[in-house]
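S.K.: So I've got this file, model.cif, and it contains mmCIF, C-alpha atoms:
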data_run
loop_
_atom_site.label_atom_id
_atom_site.label_comp_id
_atom_site.auth_asym_id
_atom_site.auth_seq_id
_atom_site.Cartn_x
_atom_site.Cartn_y
_atom_site.Cartn_z
CA MET H 1279 -8.53 -11.50 -14.99
CA PRO H 1280 -9.40 -9.60 -11.78
CA HIS H 1281 -8.60 -11.09 -8.37
CA PRO H 1282 -9.54 -10.08 -4.82
CA PHE H 1283 -7.24 -7.36 -3.50
CA LEU H 1284 -4.32 -8.88 -1.54
CA SER H 1285 -5.10 -12.46 -2.58
CA ASP H 1286 -2.06 -14.53 -3.59
CA GLU H 1287 -3.10 -14.23 -7.26
CA TRP H 1288 -3.52 -10.45 -6.97
CA ILE H 1289 -0.11 -10.08 -5.31
CA GLU H 1290 1.54 -12.19 -8.03
CA GLN H 1291 0.03 -10.06 -10.81
CA ALA H 1292 0.82 -6.82 -8.94
CA HIS H 1293 4.48 -7.92 -8.65
CA ALA H 1294 4.59 -8.58 -12.41
CA ILE H 1295 3.17 -5.14 -13.17
CA ARG H 1296 5.57 -3.50 -10.69
CA ALA H 1297 8.51 -5.28 -12.38
CA GLU H 1298 7.48 -3.82 -15.76
CA TYR H 1299 7.65 -0.29 -14.33
CA GLU H 1300 10.80 -0.74 -12.24
CA GLY H 1301 13.12 2.22 -12.69
CA THR H 1302 10.59 4.27 -14.69
CA THR H 1303 8.69 5.95 -11.87
CA GLY H 1304 9.90 9.07 -10.09
CA GLN H 1305 12.16 8.69 -7.08
CA ILE H 1306 10.53 9.00 -3.67
CA PRO H 1307 12.56 11.52 -1.68
CA HIS H 1308 11.66 10.17 1.78
CA VAL H 1309 12.77 6.87 3.29
CA ILE H 1310 9.73 5.26 4.87
CA ARG H 1311 9.67 1.72 6.22
CA MET H 1312 6.15 0.86 7.31
CA ASN H 1313 4.64 -2.39 8.51
CA LEU H 1314 1.00 -2.84 7.62
CA VAL H 1315 -1.63 -5.13 9.12
CA VAL H 1316 -4.76 -5.47 7.00
CA THR H 1317 -7.66 -6.89 8.99
CA GLU H 1318 -11.07 -8.27 8.07
CA LEU H 1319 -9.91 -10.00 4.87
CA PRO H 1320 -12.78 -11.63 3.00
CA PHE H 1321 -10.57 -14.72 2.49
CA GLY H 1322 -7.82 -16.61 4.31
CA ASP H 1323 -7.03 -16.22 8.00
CA GLY H 1324 -8.72 -12.84 8.42
CA SER H 1325 -5.61 -10.62 8.41
CA LEU H 1326 -2.45 -10.07 6.40
CA ASP H 1327 0.96 -8.74 7.42
CA ALA H 1328 2.57 -6.58 4.76
CA HIS H 1329 5.08 -3.77 4.47
CA LEU H 1330 5.79 -0.66 2.45
CA ASP H 1331 9.40 0.37 1.87
CA THR H 1332 10.73 3.38 -0.05
CA SER H 1333 14.41 3.00 0.91
CA SER H 1334 15.29 2.06 -2.69
CA GLY H 1335 13.74 5.31 -3.96
CA GLU H 1336 10.71 3.43 -5.28
CA LEU H 1337 7.61 2.39 -3.39
CA ILE H 1338 7.69 -1.35 -2.73
CA LEU H 1339 4.64 -3.04 -1.18
CA ASP H 1340 4.96 -6.72 -0.28
CA LYS H 1341 3.88 -9.40 2.17
CA GLY H 1342 5.54 -9.86 5.56
CA HIS H 1343 6.85 -7.37 8.09
CA LEU H 1344 10.15 -5.51 8.14
CA GLU H 1345 12.36 -6.03 11.19
CA GLU H 1346 13.13 -2.34 11.63
CA ALA H 1347 10.09 -0.30 10.62
CA ASP H 1348 9.47 3.39 11.30
CA LEU H 1349 5.82 2.74 11.99
CA LYS H 1350 3.05 0.17 11.95
CA VAL H 1351 -0.41 0.85 10.53
CA THR H 1352 -3.38 -1.41 11.19
CA VAL H 1353 -6.31 -0.93 8.84
CA ASP H 1354 -9.34 -2.89 7.69
CA TYR H 1355 -9.51 -4.46 4.22
CA VAL H 1356 -12.11 -2.06 2.78
CA THR H 1357 -10.11 1.01 3.82
CA ALA H 1358 -6.80 -0.46 2.60
CA ARG H 1359 -8.36 -1.21 -0.77
CA ALA H 1360 -9.80 2.31 -1.03
CA ILE H 1361 -6.42 3.88 -0.26
CA LEU H 1362 -4.03 1.55 -2.08
CA VAL H 1363 -6.06 0.53 -5.13
CA GLU H 1364 -8.63 3.28 -5.64
CA GLY H 1365 -6.20 6.02 -4.63
CA ASN H 1366 -8.73 7.57 -2.26
CA PRO H 1367 -6.84 9.34 0.55
CA GLN H 1368 -10.14 10.78 1.82
CA ALA H 1369 -11.27 7.24 2.74
CA GLY H 1370 -8.12 6.87 4.81
CA MET H 1371 -8.64 10.18 6.58
CA GLN H 1372 -12.28 9.33 7.35
CA ALA H 1373 -11.30 5.90 8.68
CA PHE H 1374 -8.53 7.46 10.79
CA MET H 1375 -10.94 10.01 12.29
CA ALA H 1376 -13.42 7.17 13.02
CA GLY H 1377 -10.72 5.18 14.84
CA LYS H 1378 -10.55 2.46 12.17
CA VAL H 1379 -6.86 3.10 11.48
CA ARG H 1380 -4.29 2.56 14.22
CA VAL H 1381 -0.81 4.03 13.88
CA GLU H 1382 2.12 3.05 16.08
CA GLY H 1383 5.45 4.81 15.66
CA ASP H 1384 6.54 7.82 13.61
CA MET H 1385 3.31 9.35 12.30
CA ALA H 1386 5.30 12.06 10.47
CA LYS H 1387 6.60 9.35 8.11
CA LEU H 1388 3.01 8.42 7.24
CA MET H 1389 2.25 12.05 6.46
CA MET H 1390 5.28 12.20 4.13
CA LEU H 1391 3.64 9.61 1.88
CA GLN H 1392 0.80 12.02 1.14
CA ALA H 1393 3.26 14.58 -0.21
CA VAL H 1394 4.92 12.24 -2.72
CA PRO H 1395 4.30 13.48 -6.29
CA VAL H 1396 2.77 10.94 -8.66
CA ASP H 1397 4.33 10.92 -12.13
CA GLU H 1398 2.87 9.58 -15.39
CA SER H 1399 4.48 6.12 -15.08
CA ALA H 1400 3.18 5.71 -11.53
CA GLN H 1401 -0.29 6.72 -12.70
CA GLU H 1402 -0.18 4.15 -15.51
CA MET H 1403 0.93 1.47 -13.08
CA ALA H 1404 -1.92 2.40 -10.69
CA VAL H 1405 -4.46 2.03 -13.51
CA ARG H 1406 -3.11 -1.43 -14.34
CA ILE H 1407 -3.28 -2.45 -10.68
CA ARG H 1408 -6.92 -1.32 -10.52
CA GLU H 1409 -7.66 -3.43 -13.61
CA ILE H 1410 -6.48 -6.64 -11.89
CA THR H 1411 -8.53 -5.91 -8.78
CA GLU H 1412 -11.93 -7.45 -8.23
#
Please re-express this file's structure in structure tokens.

M.R.:
Amino acid sequence: MPHPFLSDEWIEQAHAIRAEYEGTTGQIPHVIRMNLVVTELPFGDGSLDAHLDTSSGELILDKGHLEEADLKVTVDYVTARAILVEGNPQAGMQAFMAGKVRVEGDMAKLMMLQAVPVDESAQEMAVRIREITE
């Protein structure tokens, strides 16, 4: 059953899917610790603090902020959904050029994420994540 992107139900199902694929996706060669603030949520308090961490070799996205992050990205809900669920990096670039994405910290780390190869298992996981997203 689909749920709104980043809702508690969506996050719970995304964690279950991620657990199924743990250890099967390709290793990410760059250590990136990024805090993420998603604004303009269509539910809840209006924003969500999250983080992305590749220090284990796999991409982990979860709620809350890391204490020692390389960078912080603030982005609106629609753009975050386009990038993280739909896999549309062009939406992110357009939002960045329009000033809708704010980056604080090591921007080179953000650019490294774009160069990460996506293997078959990661693609399968992405399809399953899209299927749970309203």

S.K.: Which one is closest to Val1351 of chain H: H:Glu1402, H:Glu1382, H:Glu1409, H:Asp1327? Count all atoms listed in the file.

M.R.: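 Closest to Val1351 of chain H of all the choices is H:Glu1382.
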
S.K.: Which of these residues is nearest to Asp1354 of chain H, using all atoms listed in the file: H:Glu1336, H:Glu1318, H:Glu1298, H:Glu1398?

M.R.: H:Glu1318

S.K.: What would the list of residues within 12 Å of (5.2, 8.7, -15.0) (file frame) look like as a PyMOL selection string, if all atoms listed in the file are what count?

M.R.: chain H and resi 1299-1305+1395-1405

S.K.: Got time to write the residues from that selection, C-alpha atoms, as a PDB file, in the coordinates of the input?

M.R.:
ATOM      1  CA  TYR H1299       7.650  -0.290 -14.330  1.00  0.00           C
ATOM      2  CA  GLU H1300      10.800  -0.740 -12.240  1.00  0.00           C
ATOM      3  CA  GLY H1301      13.120   2.220 -12.690  1.00  0.00           C
ATOM      4  CA  THR H1302      10.590   4.270 -14.690  1.00  0.00           C
ATOM      5  CA  THR H1303       8.690   5.950 -11.870  1.00  0.00           C
ATOM      6  CA  GLY H1304       9.900   9.070 -10.090  1.00  0.00           C
ATOM      7  CA  GLN H1305      12.160   8.690  -7.080  1.00  0.00           C
ATOM      8  CA  PRO H1395       4.300  13.480  -6.290  1.00  0.00           C
ATOM      9  CA  VAL H1396       2.770  10.940  -8.660  1.00  0.00           C
ATOM     10  CA  ASP H1397       4.330  10.920 -12.130  1.00  0.00           C
ATOM     11  CA  GLU H1398       2.870   9.580 -15.390  1.00  0.00           C
ATOM     12  CA  SER H1399       4.480   6.120 -15.080  1.00  0.00           C
ATOM     13  CA  ALA H1400       3.180   5.710 -11.530  1.00  0.00           C
ATOM     14  CA  GLN H1401      -0.290   6.720 -12.700  1.00  0.00           C
ATOM     15  CA  GLU H1402      -0.180   4.150 -15.510  1.00  0.00           C
ATOM     16  CA  MET H1403       0.930   1.470 -13.080  1.00  0.00           C
ATOM     17  CA  ALA H1404      -1.920   2.400 -10.690  1.00  0.00           C
ATOM     18  CA  VAL H1405      -4.460   2.030 -13.510  1.00  0.00           C
TER      19      VAL H1405
END

S.K.: Pick from H:Pro1280, H:Thr1357, H:Ser1333, H:Val1379: nearest to Ile1306 of chain H, with all atoms listed in the file counted?

M.R.: H:Ser1333

S.K.: Between atom CA of Leu1330 of chain H and atom CA of Pro1307 of chain H, measure the distance and give it in Å to one decimal.

M.R.: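 Interatomic distance here is 14.5 Å.
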
S.K.: I need the residue set behind the PyMOL selection byres ((chain H and resi 1345) around 12) for this file; please write it as a PyMOL selection string.

M.R.: chain H and resi 1311-1313+1328-1329+1331+1342-1344+1346-1350

S.K.: Of the residues H:His1308, H:Pro1320, H:Met1279, H:Met1371, which is the one nearest to Tyr1355 of chain H, using all atoms listed in the file?

M.R.: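 Closest residue, counting all atoms listed in the file: H:Pro1320.
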
S.K.: If I take atom CA of His1293 of chain H and atom CA of Leu1388 of chain H, how far is one from the other in Å, to one decimal?

M.R.: 22.8 Å

S.K.: Report the distance between atom CA of Glu1290 of chain H and atom CA of Met1390 of chain H in Å, rounded to one decimal place.

M.R.: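 The value is 27.5 Å.
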
S.K.: Would you mind telling me which residue in H:Pro1367, H:Gly1383, H:Gly1377, H:Pro1282 lies nearest to Phe1321 of chain H when using all atoms listed in the file?

M.R.: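 Closest residue, counting all atoms listed in the file: H:Pro1282.
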
S.K.: Ranking H:Thr1352, H:Phe1374, H:Asn1366, H:Leu1337 by minimum distance to Ala1297 of chain H and counting only C-alpha atoms, which one comes first?

M.R.: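 Selected residue with least distance to Ala1297 of chain H: H:Leu1337.
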
S.K.: Evaluating the PyMOL selection byres ((chain H and resi 1410) around 9) on the displayed file yields which residues, as a PyMOL selection string?

M.R.: chain H and resi 1279-1283+1288+1291-1292+1406-1409+1411-1412
